[in-house]
Structure formats: structure tokens, C-alpha cells
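Notes for the one structure printed next.
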Amino acid sequence: MRLTLLPLLLTLIGAAATVAVAEPADPLSGVDWPAARAEATGLLVDLLRFDTTSPPGSEAEAARYLAVRLEAEGVAAELHDLGEGRANLIARLPATAPSGEGPLCLVSHLDVASAEAERWRQPPFAGRVDAEGTIWGRGALDMKGMTVVEIEAMLLLKRLGLPRSRDVILLAVADEEVNNTGMQRLIAERWPSINCAHAINEGGVGIIDGLFPGQVLFPISVGEKGALWLRVSAEGKAGHGSTPLPDEAPDRLLAALERLRAYEPEPQVHPSLKVLFARVGETRRGLERLVFTRPLLQRTLLISALMKNPLTRAAITDTLHITGLEGAHQPNVVPSVASALLDCRLLPGTSPEEMLARVKALAADDGLTYTVLNEFAAQVSPWDDPVFDALVRAAEARPNVVAGPAISVGFTDSIFLREVGVRAYGFVPFHLTAEELGTMHGPDERLRAEELEAGVRAMLGVLVGVVGG
Ligand SMILES: [Zn+2]
């Protein structure tokens with residue numbers, strides 16, 4: 001019987017192989033990539049020349065410029081005016097074969113952090129491109145480079161002419177760096193017509209040699225730590241500097257701060273980090289593989305190593321950070337009030353109320369007063385999700401990349417999107433060295449041209465995977 005079936009099986013396998021070979025060609029191979037790189041570079045150079053330092057931001061001019069460029073390509077674009085020269089840009093590529101799923105939003109912000117021009121090797125708002133093709137300017141990474149990647153990918157998707165199952169909406173908002181009013185007002189005033197199901201925003205990036213030399217670690221942000229910003233104040237009798245007395249405000253404050261500084265947070269490994277560790281482990285061999293994949297070794301070796309580095313320690317603990325002191329006036333005058341500013345960042349599972357109780361218990365002085373300046377809990381989007389899978393595939397389409405979910409230590413406009421039910425992911429598809437990462441908000445911010453092109457390729461791959469065909 002078996003012998004008789006064998007030729008038939010071989011025929012079927014042969015047929016299957018033939019079908020596999022006849023797969024449709026990769027749509028990305030139909031793109032003129034040198035032309036796309038030149039177009040994206042031109043857009044970024046122009047965008048960097050708008051000085052959108054926040055405050056005052058003055059993003060409306062840059063938003064209007066992009067709207068004109070998009071309209072010229074047949075992409076509907078509008079400005080959401082915020083007054084005082086500020087505006088959000090909203091552009092839409094509608095679905096042509098709607099699946100009923102909510103829109104996919106491509107999010108960025110148009111404002112930038114301030115730049116001390118005298119510390120830069122190139123002027124921060126000149127949009128210079130050097131001999132290697134590197135594009136210099138404030139916002140090249142944070143985050144006008146991403147705005148351009150999103151626009152270029154949208155334009156290429158439209159030109160490819162594939163049927164689109166979902167609307168793709170570009171949201172390039174104002175005032176992310178300081179007060180987040182752009183995104184908050186967009187949600188308050190325009191949300192019913194946007195209402196996206198997923199958003200791709202800043203928050204994750206490919207880190208060259210992130211954990212191991214020769215490998216790019218690409219944490220894709222699925223959530224952001226919460227925050228509790230506090231003013232802690234001590235009161236006492238005002239008096240003369242010549243005579244120290246017990247219970248003076250500065251003294252009481254310092255004693256409390258000393259106790260707060262002794263805070264030793266317990267490391268907590270969020271489930272997303274376990275997934276990321278496992279994915280890293282799968283790419284390693286020998287002891288490295290064991291350390292990343294075995295829970296006991298993870299706890300004993302990996303976690304203690306992460307706790308020793310301030311950057312990774314912040315990712316696995318609730319942090320308590322004394323960031324400012326207020327109240328001193330003159331050296332010979334004891335003030336009646338002395339205060340400290342605290343920035344606490346909270347992992348999922350720690351509420352702002354719990355952290356406040358922890359701070360009070362540590363400070364151990366019932367006479368102190370606490371003013372909450374800002375508070376919100378950590379938020380996490382599920383990563384068991386087709387858009388998240390598309391981001392991982394796009395990241396790992398480049399060689400020697402390992403991607404997986406992570407919680408960001410800082411927050412972005414995604415916190416407001418998650419509040420209205422959006423699944424938001426941080427995915428800036430550039431590979432950056434530690435030195436390049438350090439230029440965000442610092443001098444010499446720049447983006448290598450090959451990363452701009454690679455970013456467009458990755459974002460187009462995501463769009464084709466999520467809405468194309
Ligand atoms: Zn940013």
C-alpha cells in the first residue's frame with residue numbers, strides 16, 4: 001500500500017513546491033528605492049529647517065508645509081488649529097477594501113527640544129546633509145525623522161496601488177515635548193473622526209550592540225511606566241542663621257530626604273521583559289542562552305547585572321528620584337518652608353497611591369506635606385496582536401536583529417491614546433549607536449541616510465502587512 005502511495009505523495013509534494021515558488025513577488029521590490037531615499041531626505045531637510053523648538057513650538061508652518069506636500073500627492077490633509085501658531089496635522093489614506101477594522105494611526109510630534117547651537121558641529125536648524133549623506137538637525141531622531149518615515153511609507157503604499165483594508169491616518173502633533181497639549185486636544189476635539197484601533201509612535205528603537213556586540217536589540221514599546229511627581233515640604237520656625245535650633249524646615253527636609261535616598265526597590269520583571277529575554281536567548285548559544293532562558297539563572301545572574309546599571313535598573317524597578325530643592329533664600333535666614341521635588345516612575349502594578357504611601361512611610365515624618373504635581377498609572381497594550389507581530393517581522397527583516405516587547409521608562413503621547421482604548425506601540429525603525437541615541441535632546445542630533453531608507457522600508461513593510469491586500 002505504502003509503495004503504491006509513494007509516487008502520489010511525491011507528486012503532491014512536488015505540486016506544493018511548485019505552488020510555493022509561484023508566490024506573489026514582494027511588493028516592496030517594486031519600489032524605486034534610490035528615488036524614495038532622495039524624496040525622504042528632501043522632506044526631512046525641509047522639515048528640520050522649521051525651528052519648532054517648544055515652547056513656543058510654532059508647529060503650524062511645518063504642519064502646513066507637510067499638508068501641501070501630501071495634498072499634492074492626493075492624500076487628504078488638514079490642520080487642527082490650536083492657536084498661537086500651533087497646529088496638529090491629520091492626513092488620511094482611506095481604505096479601498098474596508099475590513100471593518102479601525103484605522104491604523106502613524107503618530108509623531110512636530111515640536112522639538114531646545115538646542116544649544118554653540119555646542120553643535122552643524123547648525124541645528126539648517127537641515128545640512130554631509131558628504132556621507134547624514135542629515136543633521138534638531139529633531140532628526142526625536143522625531144521629525146519618524147514623521148518623514150511615516151509620510152514616505154504612506155505615499156509609497158498609495159503608489160503601489162494595493163487594496164487597503166483599513167484607513168491609515170497620519171497624526172503629526174504639536175507640543176509633545178512640554179505639555180502634551182497637541183495630542184490631548186486632538187483627542188478631546190477630533191477623536192470621533194479618527195478613532196484608530198492601533199497606533200505606531202515613538203518609544204522603541206533598534207540599539208546597535210544593545211546587549212551583545214554585532215546584534216541589534218530592538219525593544220518595541222508596548223507600555224510606559226506611570227509617574228508620580230511630588231513636592232515634599234517641611235515647615236518650621238523661621239529664624240537667624242547664627243543659631244541652629246532643632247526642627248528647622250531645611251533640617252527636617254534633609255533628614256527625610258536622607259531616608260528617601262536609602263530606598264532600595266525590589267526588581268520586578270514584567271512579563272514583556274520575560275518574552276524579550278526569551279527571544280534574545282533563542283539567538284544565543286551556550287551559557288548566554290541558558291542565562292536568558294532559564295528562570296533561575298535569569299533571577300540570579302541577569303537581574304543582578306541589570307540592577308547594577310542605572311539605565312536597566314530603571315526598567316525593572318519603581319524609581320524614586322530627588323530632582324529639585326526649593327526654599328533657600330539667604331545664607332543667614334532660616335526659611336519657614338523647605339521643599340524637594342520628587343519624580344517617581346512606576347512599573348505596571350504599582351499605583352500612584354501605593355507609591356505615595358511608600359514615600360510617606362520612608363520619609364517617616366508626619367509633619368511633612370505632600371503636593372501631587374502629576375500622577376498616572378503605567379499602561380500596557382497587549383502584544384498578542386497582529387500589528388505588534390507585523391512590527392516584530394519588520395524589525396527582524398534586517399539581519400542580526402532581535403525584537404520583542406518592552407515597557408518604556410519614559411512616557412510619550414501614547415499614554416493618552418491608550419486611555420481611549422488604542423493599542424499603541426513604540427517603534428522607530430532606525431538602528432542607532434549608543435552615541436547617536438545620546439544626541440536626542442543633546443548636541444549633534446542626526447540620522448544616517450541609510451537608516452532613513454531602512455526606516456521607510458520597515459514602515460512600508462508594516463503597512464503592507466497590516467492593511468495591504
Ligand atoms: Zn519625542
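In the C-alpha cells, chains take letters A, B, ... by order of appearance, with residues numbered from 1 within each chain and ligands from 1 in the order shown.
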Contacts with ligand 1 at most 7 Å, only C-alpha atoms and all ligand atoms counted, listed as a PDB file with N, CA, C and O atoms, in the first residue's frame:
ATOM      1  N   HIS A 109       5.430  63.700  16.637  1.00  0.00           N
ATOM      2  CA  HIS A 109       5.242  65.094  17.075  1.00  0.00           C
ATOM      3  C   HIS A 109       6.172  65.990  16.281  1.00  0.00           C
ATOM      4  O   HIS A 109       7.283  65.571  15.899  1.00  0.00           O
ATOM      5  N   ASP A 142      14.286  62.737  17.087  1.00  0.00           N
ATOM      6  CA  ASP A 142      13.156  62.968  18.013  1.00  0.00           C
ATOM      7  C   ASP A 142      12.397  64.217  17.586  1.00  0.00           C
ATOM      8  O   ASP A 142      12.661  65.289  18.087  1.00  0.00           O
ATOM      9  N   MET A 143      11.376  64.117  16.646  1.00  0.00           N
ATOM     10  CA  MET A 143      11.116  62.878  15.954  1.00  0.00           C
ATOM     11  C   MET A 143      10.665  63.125  14.532  1.00  0.00           C
ATOM     12  O   MET A 143       9.846  62.423  13.991  1.00  0.00           O
ATOM     13  N   GLU A 176       4.479  67.971  22.142  1.00  0.00           N
ATOM     14  CA  GLU A 176       4.688  66.726  22.896  1.00  0.00           C
ATOM     15  C   GLU A 176       5.755  66.914  23.950  1.00  0.00           C
ATOM     16  O   GLU A 176       5.660  66.369  25.050  1.00  0.00           O
ATOM     17  N   GLU A 177       6.785  67.719  23.622  1.00  0.00           N
ATOM     18  CA  GLU A 177       7.963  67.791  24.493  1.00  0.00           C
ATOM     19  C   GLU A 177       7.663  68.435  25.854  1.00  0.00           C
ATOM     20  O   GLU A 177       8.314  68.108  26.836  1.00  0.00           O
ATOM     21  N   GLU A 202       6.618  56.900  18.805  1.00  0.00           N
ATOM     22  CA  GLU A 202       7.974  56.775  19.335  1.00  0.00           C
ATOM     23  C   GLU A 202       7.959  55.871  20.577  1.00  0.00           C
ATOM     24  O   GLU A 202       6.909  55.525  21.090  1.00  0.00           O
TER      25      GLU A 202
END
Spatial neighbours of Val75 in chain A, 12 Å, only C-alpha atoms, chain gap at least 4 places, as a list in words
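So, after excluding close chain neighbours, the residues are Leu66, Ala67, Val68, Arg69, Leu70, Glu71, Ile90, Ala91, Arg92, Leu93, Pro94, Ile151, Glu152, Met154, Leu155, Leu156, Leu157, Lys158, Arg159, Asp167, Val168, Ile169 and Leu170 of chain A.
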Residues near Glu248 in chain A, anyone? I mean within 10 Å using only C-alpha atoms, not counting same-chain ones fewer than 5 positions away, as a CSV table (one decimal) with all heavy atoms, in the first residue's frame.
chain,number,residue,atom,x,y,z
A,234,ALA,N,8.7,70.7,54.2
A,234,ALA,CA,8.8,70.7,55.7
A,234,ALA,C,8.6,72.1,56.2
A,234,ALA,O,9.1,73.0,55.5
A,234,ALA,CB,10.2,70.1,56.1
A,235,GLU,N,8.0,72.2,57.3
A,235,GLU,CA,7.8,73.5,57.9
A,235,GLU,C,8.5,73.6,59.2
A,235,GLU,O,8.6,72.6,59.9
A,235,GLU,CB,6.3,73.8,58.0
A,235,GLU,CG,5.6,74.3,56.7
A,235,GLU,CD,4.2,74.7,57.0
A,235,GLU,OE1,4.0,75.7,57.7
A,235,GLU,OE2,3.3,74.1,56.3
A,236,GLY,N,8.9,74.8,59.6
A,236,GLY,CA,9.5,75.0,60.9
A,236,GLY,C,9.5,76.5,61.2
A,236,GLY,O,9.0,77.3,60.4
A,237,LYS,N,10.1,76.8,62.3
A,237,LYS,CA,10.2,78.2,62.7
A,237,LYS,C,11.3,78.9,61.9
A,237,LYS,O,12.4,78.4,61.8
A,237,LYS,CB,10.5,78.3,64.1
A,237,LYS,CG,9.5,79.3,64.8
A,237,LYS,CD,9.7,79.3,66.4
A,237,LYS,CE,9.5,80.7,66.8
A,237,LYS,NZ,10.3,81.2,67.9
A,238,ALA,N,10.9,80.1,61.3
A,238,ALA,CA,11.9,80.9,60.6
A,238,ALA,C,12.9,81.5,61.7
A,238,ALA,O,12.4,81.7,62.8
A,238,ALA,CB,11.3,82.0,59.8
A,239,GLY,N,14.1,81.8,61.3
A,239,GLY,CA,15.0,82.3,62.3
A,239,GLY,C,16.3,82.8,61.7
A,239,GLY,O,16.5,83.0,60.5
A,253,LEU,N,13.7,68.6,56.4
A,253,LEU,CA,13.6,68.1,55.0
A,253,LEU,C,14.8,67.2,54.6
A,253,LEU,O,14.6,66.1,54.1
A,253,LEU,CB,13.5,69.3,54.0
A,253,LEU,CG,13.4,68.9,52.5
A,253,LEU,CD1,12.0,68.3,52.2
A,253,LEU,CD2,13.6,70.1,51.6
A,334,VAL,N,16.9,81.4,58.1
A,334,VAL,CA,16.3,80.1,58.1
A,334,VAL,C,14.9,80.2,57.6
A,334,VAL,O,14.1,80.9,58.2
A,334,VAL,CB,16.3,79.5,59.5
A,334,VAL,CG1,15.6,78.1,59.5
A,334,VAL,CG2,17.6,79.4,60.1
A,335,PRO,N,14.5,79.6,56.4
A,335,PRO,CA,13.2,79.7,55.9
A,335,PRO,C,12.2,78.9,56.7
A,335,PRO,O,12.5,77.9,57.3
A,335,PRO,CB,13.3,79.2,54.4
A,335,PRO,CG,14.4,78.2,54.5
A,335,PRO,CD,15.4,78.7,55.6
A,336,SER,N,10.9,79.3,56.6
A,336,SER,CA,9.9,78.6,57.3
A,336,SER,C,9.5,77.4,56.6
A,336,SER,O,8.9,76.4,57.1
A,336,SER,CB,8.7,79.5,57.6
A,336,SER,OG,8.2,80.0,56.4
A,337,VAL,N,9.7,77.3,55.2
A,337,VAL,CA,9.3,76.2,54.4
A,337,VAL,C,10.5,75.8,53.5
A,337,VAL,O,11.2,76.6,52.9
A,337,VAL,CB,8.1,76.5,53.5
A,337,VAL,CG1,7.7,75.2,52.7
A,337,VAL,CG2,6.9,76.9,54.3
A,338,ALA,N,10.8,74.5,53.5
A,338,ALA,CA,11.8,74.0,52.6
A,338,ALA,C,11.2,72.8,51.8
A,338,ALA,O,10.5,72.0,52.5
A,338,ALA,CB,13.1,73.5,53.3
From the DSSP assignment of the backbone, select every residue of range 99-186 of chain A that is strand (DSSP E or B), and format the answer as a PyMOL selection string.
chain A and resi 104-109+112+129+135-136+164+168-173
Export of prior selection with all heavy atoms as a short mmCIF file (atom, residue, chain, number, x, y, z; two decimals), in the first residue's frame:
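So out31.cif came out as:
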data_model
loop_
_atom_site.label_atom_id
_atom_site.label_comp_id
_atom_site.auth_asym_id
_atom_site.auth_seq_id
_atom_site.Cartn_x
_atom_site.Cartn_y
_atom_site.Cartn_z
N LEU A 104 -5.43 52.51 11.36
CA LEU A 104 -4.08 52.43 11.92
C LEU A 104 -3.52 53.84 11.91
O LEU A 104 -3.46 54.49 10.86
CB LEU A 104 -3.21 51.52 11.04
CG LEU A 104 -1.70 51.51 11.36
CD1 LEU A 104 -1.43 50.89 12.72
CD2 LEU A 104 -0.93 50.75 10.27
N CYS A 105 -3.12 54.35 13.08
CA CYS A 105 -2.58 55.70 13.16
C CYS A 105 -1.05 55.66 13.19
O CYS A 105 -0.45 54.85 13.92
CB CYS A 105 -3.08 56.41 14.41
SG CYS A 105 -4.69 57.18 14.17
N LEU A 106 -0.45 56.52 12.38
CA LEU A 106 1.00 56.72 12.40
C LEU A 106 1.24 58.05 13.10
O LEU A 106 0.89 59.10 12.59
CB LEU A 106 1.54 56.75 10.97
CG LEU A 106 1.21 55.53 10.10
CD1 LEU A 106 1.81 55.68 8.71
CD2 LEU A 106 1.70 54.23 10.75
N VAL A 107 1.83 57.96 14.29
CA VAL A 107 1.89 59.12 15.18
C VAL A 107 3.30 59.68 15.25
O VAL A 107 4.29 58.93 15.24
CB VAL A 107 1.42 58.71 16.60
CG1 VAL A 107 1.47 59.91 17.55
CG2 VAL A 107 0.01 58.14 16.55
N SER A 108 3.40 60.99 15.31
CA SER A 108 4.68 61.64 15.60
C SER A 108 4.38 63.02 16.18
O SER A 108 3.23 63.43 16.24
CB SER A 108 5.55 61.78 14.34
OG SER A 108 4.96 62.71 13.45
N HIS A 109 5.43 63.70 16.64
CA HIS A 109 5.24 65.09 17.08
C HIS A 109 6.17 65.99 16.28
O HIS A 109 7.28 65.57 15.90
CB HIS A 109 5.43 65.26 18.59
CG HIS A 109 6.77 64.87 19.11
ND1 HIS A 109 7.87 65.70 19.06
CD2 HIS A 109 7.21 63.74 19.74
CE1 HIS A 109 8.91 65.10 19.63
NE2 HIS A 109 8.55 63.90 20.03
N VAL A 112 10.19 70.18 18.87
CA VAL A 112 11.48 69.61 19.26
C VAL A 112 11.97 70.24 20.56
O VAL A 112 11.51 71.32 20.95
CB VAL A 112 12.56 69.83 18.15
CG1 VAL A 112 12.20 69.08 16.89
CG2 VAL A 112 12.79 71.31 17.88
N VAL A 129 23.11 68.22 4.99
CA VAL A 129 23.41 66.83 4.68
C VAL A 129 24.91 66.77 4.40
O VAL A 129 25.41 67.50 3.54
CB VAL A 129 22.63 66.35 3.43
CG1 VAL A 129 22.90 64.87 3.17
CG2 VAL A 129 21.13 66.60 3.61
N ILE A 135 22.01 63.31 7.80
CA ILE A 135 21.17 64.50 7.86
C ILE A 135 21.21 65.02 9.30
O ILE A 135 20.87 64.30 10.23
CB ILE A 135 19.72 64.14 7.46
CG1 ILE A 135 19.73 63.45 6.08
CG2 ILE A 135 18.83 65.37 7.43
CD1 ILE A 135 18.68 62.38 5.92
N TRP A 136 21.65 66.28 9.43
CA TRP A 136 21.88 66.86 10.75
C TRP A 136 20.75 67.81 11.11
O TRP A 136 20.30 68.59 10.27
CB TRP A 136 23.20 67.65 10.78
CG TRP A 136 24.42 66.81 10.63
CD1 TRP A 136 24.82 66.14 9.50
CD2 TRP A 136 25.41 66.55 11.63
NE1 TRP A 136 25.99 65.47 9.74
CE2 TRP A 136 26.39 65.71 11.03
CE3 TRP A 136 25.59 66.94 12.96
CZ2 TRP A 136 27.51 65.27 11.74
CZ3 TRP A 136 26.70 66.50 13.66
CH2 TRP A 136 27.65 65.67 13.05
N ARG A 164 -6.44 48.44 0.14
CA ARG A 164 -6.15 48.73 1.56
C ARG A 164 -7.36 48.36 2.41
O ARG A 164 -8.47 48.84 2.15
CB ARG A 164 -5.81 50.22 1.73
CG ARG A 164 -4.54 50.64 1.00
CD ARG A 164 -4.18 52.09 1.31
NE ARG A 164 -5.18 53.05 0.88
CZ ARG A 164 -5.18 53.66 -0.32
NH1 ARG A 164 -4.22 53.39 -1.20
NH2 ARG A 164 -6.12 54.51 -0.62
N VAL A 168 -5.41 54.48 6.93
CA VAL A 168 -4.14 54.82 7.57
C VAL A 168 -4.18 56.32 7.83
O VAL A 168 -4.41 57.12 6.91
CB VAL A 168 -2.94 54.47 6.66
CG1 VAL A 168 -1.63 54.87 7.34
CG2 VAL A 168 -2.93 52.98 6.34
N ILE A 169 -4.01 56.72 9.09
CA ILE A 169 -4.13 58.14 9.45
C ILE A 169 -2.81 58.62 10.05
O ILE A 169 -2.30 58.02 11.01
CB ILE A 169 -5.28 58.37 10.46
CG1 ILE A 169 -6.60 57.86 9.88
CG2 ILE A 169 -5.39 59.86 10.80
CD1 ILE A 169 -7.79 57.99 10.83
N LEU A 170 -2.28 59.67 9.45
CA LEU A 170 -1.06 60.28 9.99
C LEU A 170 -1.46 61.36 11.00
O LEU A 170 -2.27 62.23 10.69
CB LEU A 170 -0.27 60.93 8.84
CG LEU A 170 1.02 61.62 9.28
CD1 LEU A 170 2.19 60.65 9.23
CD2 LEU A 170 1.31 62.84 8.43
N LEU A 171 -0.90 61.27 12.19
CA LEU A 171 -1.12 62.30 13.22
C LEU A 171 0.25 62.86 13.59
O LEU A 171 1.03 62.19 14.25
CB LEU A 171 -1.78 61.70 14.47
CG LEU A 171 -3.13 60.97 14.29
CD1 LEU A 171 -3.56 60.35 15.62
CD2 LEU A 171 -4.19 61.94 13.79
N ALA A 172 0.54 64.07 13.12
CA ALA A 172 1.80 64.72 13.49
C ALA A 172 1.41 65.90 14.39
O ALA A 172 0.91 66.91 13.90
CB ALA A 172 2.55 65.18 12.24
N VAL A 173 1.62 65.73 15.68
CA VAL A 173 1.01 66.65 16.64
C VAL A 173 2.00 67.69 17.17
O VAL A 173 3.22 67.54 17.03
CB VAL A 173 0.36 65.89 17.83
CG1 VAL A 173 -0.68 64.91 17.33
CG2 VAL A 173 1.41 65.21 18.68
#
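The interatomic distance for the pair CA of Asp251 in chain A and CA of Thr317 in chain A works out to 29.0 Å.
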Which residues of range 353-400 of chain A have any atom within 10 Å of an atom in range 446-456 of chain A when counting only C-alpha atoms, and what is the closest pair of atoms for each, with the distance in Å to one decimal? Order the rows by chain and rising number and write it as a Markdown table.
| residue | atom | partner | partner_atom | distance |
| --- | --- | --- | --- | --- |
| A:Ala394 | CA | A:Gly455 | CA | 9.6 |
| A:Ala395 | CA | A:Gly455 | CA | 9.4 |
| A:Arg398 | CA | A:Ala454 | CA | 8.8 |
Which of range 208-429 of chain A counts as helix (DSSP H, G or I) under DSSP, as a ChimeraX atom specification please?
/A:249-261,271-282,286-293,295-308,310-316,352-363,386-396,414-419
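One finds CA of Phe427 in chain A at 13.9 Å from CA of Val216 in chain A.
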State, in Å with one decimal place, the distance from CA of Glu39 in chain A to CA of Arg119 in chain A.
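Taking CA of Glu39 in chain A and CA of Arg119 in chain A, their separation equals 29.6 Å.
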Which is closer to Pro348 in chain A than all the others in A:Ile322, A:Leu160, A:Val333, A:Ala406, using only C-alpha atoms?
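Among the listed residues, the smallest separation from Pro348 in chain A belongs to A:Ala406.
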Which residue is closest to Leu368 in chain A? Choose from A:Leu432, A:Ala255, A:Asp444, A:Ala87 and count only C-alpha atoms.
A:Ala255
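Of the listed residues (A:Val464, A:Val422, A:Leu89, A:Cys344), A:Leu89 comes nearest to Asp111 in chain A; the distances count only C-alpha atoms.
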So that I can see what lies close to Pro429 in chain A, please list as a list in words the residues with an atom at most 7 Å from it, counting only C-alpha atoms and leaving out residues fewer than 6 positions away in the same chain.
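In the requested form, the answer reads Val205, Gly206, Gly455 and Ala458 of chain A.
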Suppose we keep all heavy atoms; can you now write the selection as a JSON list (two decimals), in the first residue's frame?
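As a result, part21.json now contains:
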[["chain", "number", "residue", "atom", "x", "y", "z"],
["A", 205, "VAL", "N", 13.36, 51.63, 19.65],
["A", 205, "VAL", "CA", 14.29, 51.87, 18.54],
["A", 205, "VAL", "C", 15.32, 50.74, 18.55],
["A", 205, "VAL", "O", 15.52, 50.09, 19.59],
["A", 205, "VAL", "CB", 14.94, 53.27, 18.71],
["A", 205, "VAL", "CG1", 15.92, 53.31, 19.87],
["A", 205, "VAL", "CG2", 15.61, 53.75, 17.43],
["A", 206, "GLY", "N", 15.96, 50.50, 17.41],
["A", 206, "GLY", "CA", 16.98, 49.46, 17.35],
["A", 206, "GLY", "C", 18.29, 49.97, 17.94],
["A", 206, "GLY", "O", 18.82, 50.99, 17.50],
["A", 455, "GLY", "N", 14.35, 52.75, 7.50],
["A", 455, "GLY", "CA", 13.14, 53.04, 8.28],
["A", 455, "GLY", "C", 11.91, 53.06, 7.39],
["A", 455, "GLY", "O", 10.86, 52.53, 7.76],
["A", 458, "ALA", "N", 11.04, 49.51, 6.47],
["A", 458, "ALA", "CA", 10.41, 48.79, 7.57],
["A", 458, "ALA", "C", 8.96, 49.26, 7.74],
["A", 458, "ALA", "O", 8.04, 48.43, 7.90],
["A", 458, "ALA", "CB", 11.19, 49.03, 8.86]]
Within 7 Å of Leu48 in chain A, counting only C-alpha atoms, which residues qualify if same-chain residues fewer than 5 places away don't, as a list in words?
Phe125, Ala126, Gly127, Gly137, Arg138 and Gly139 of chain A
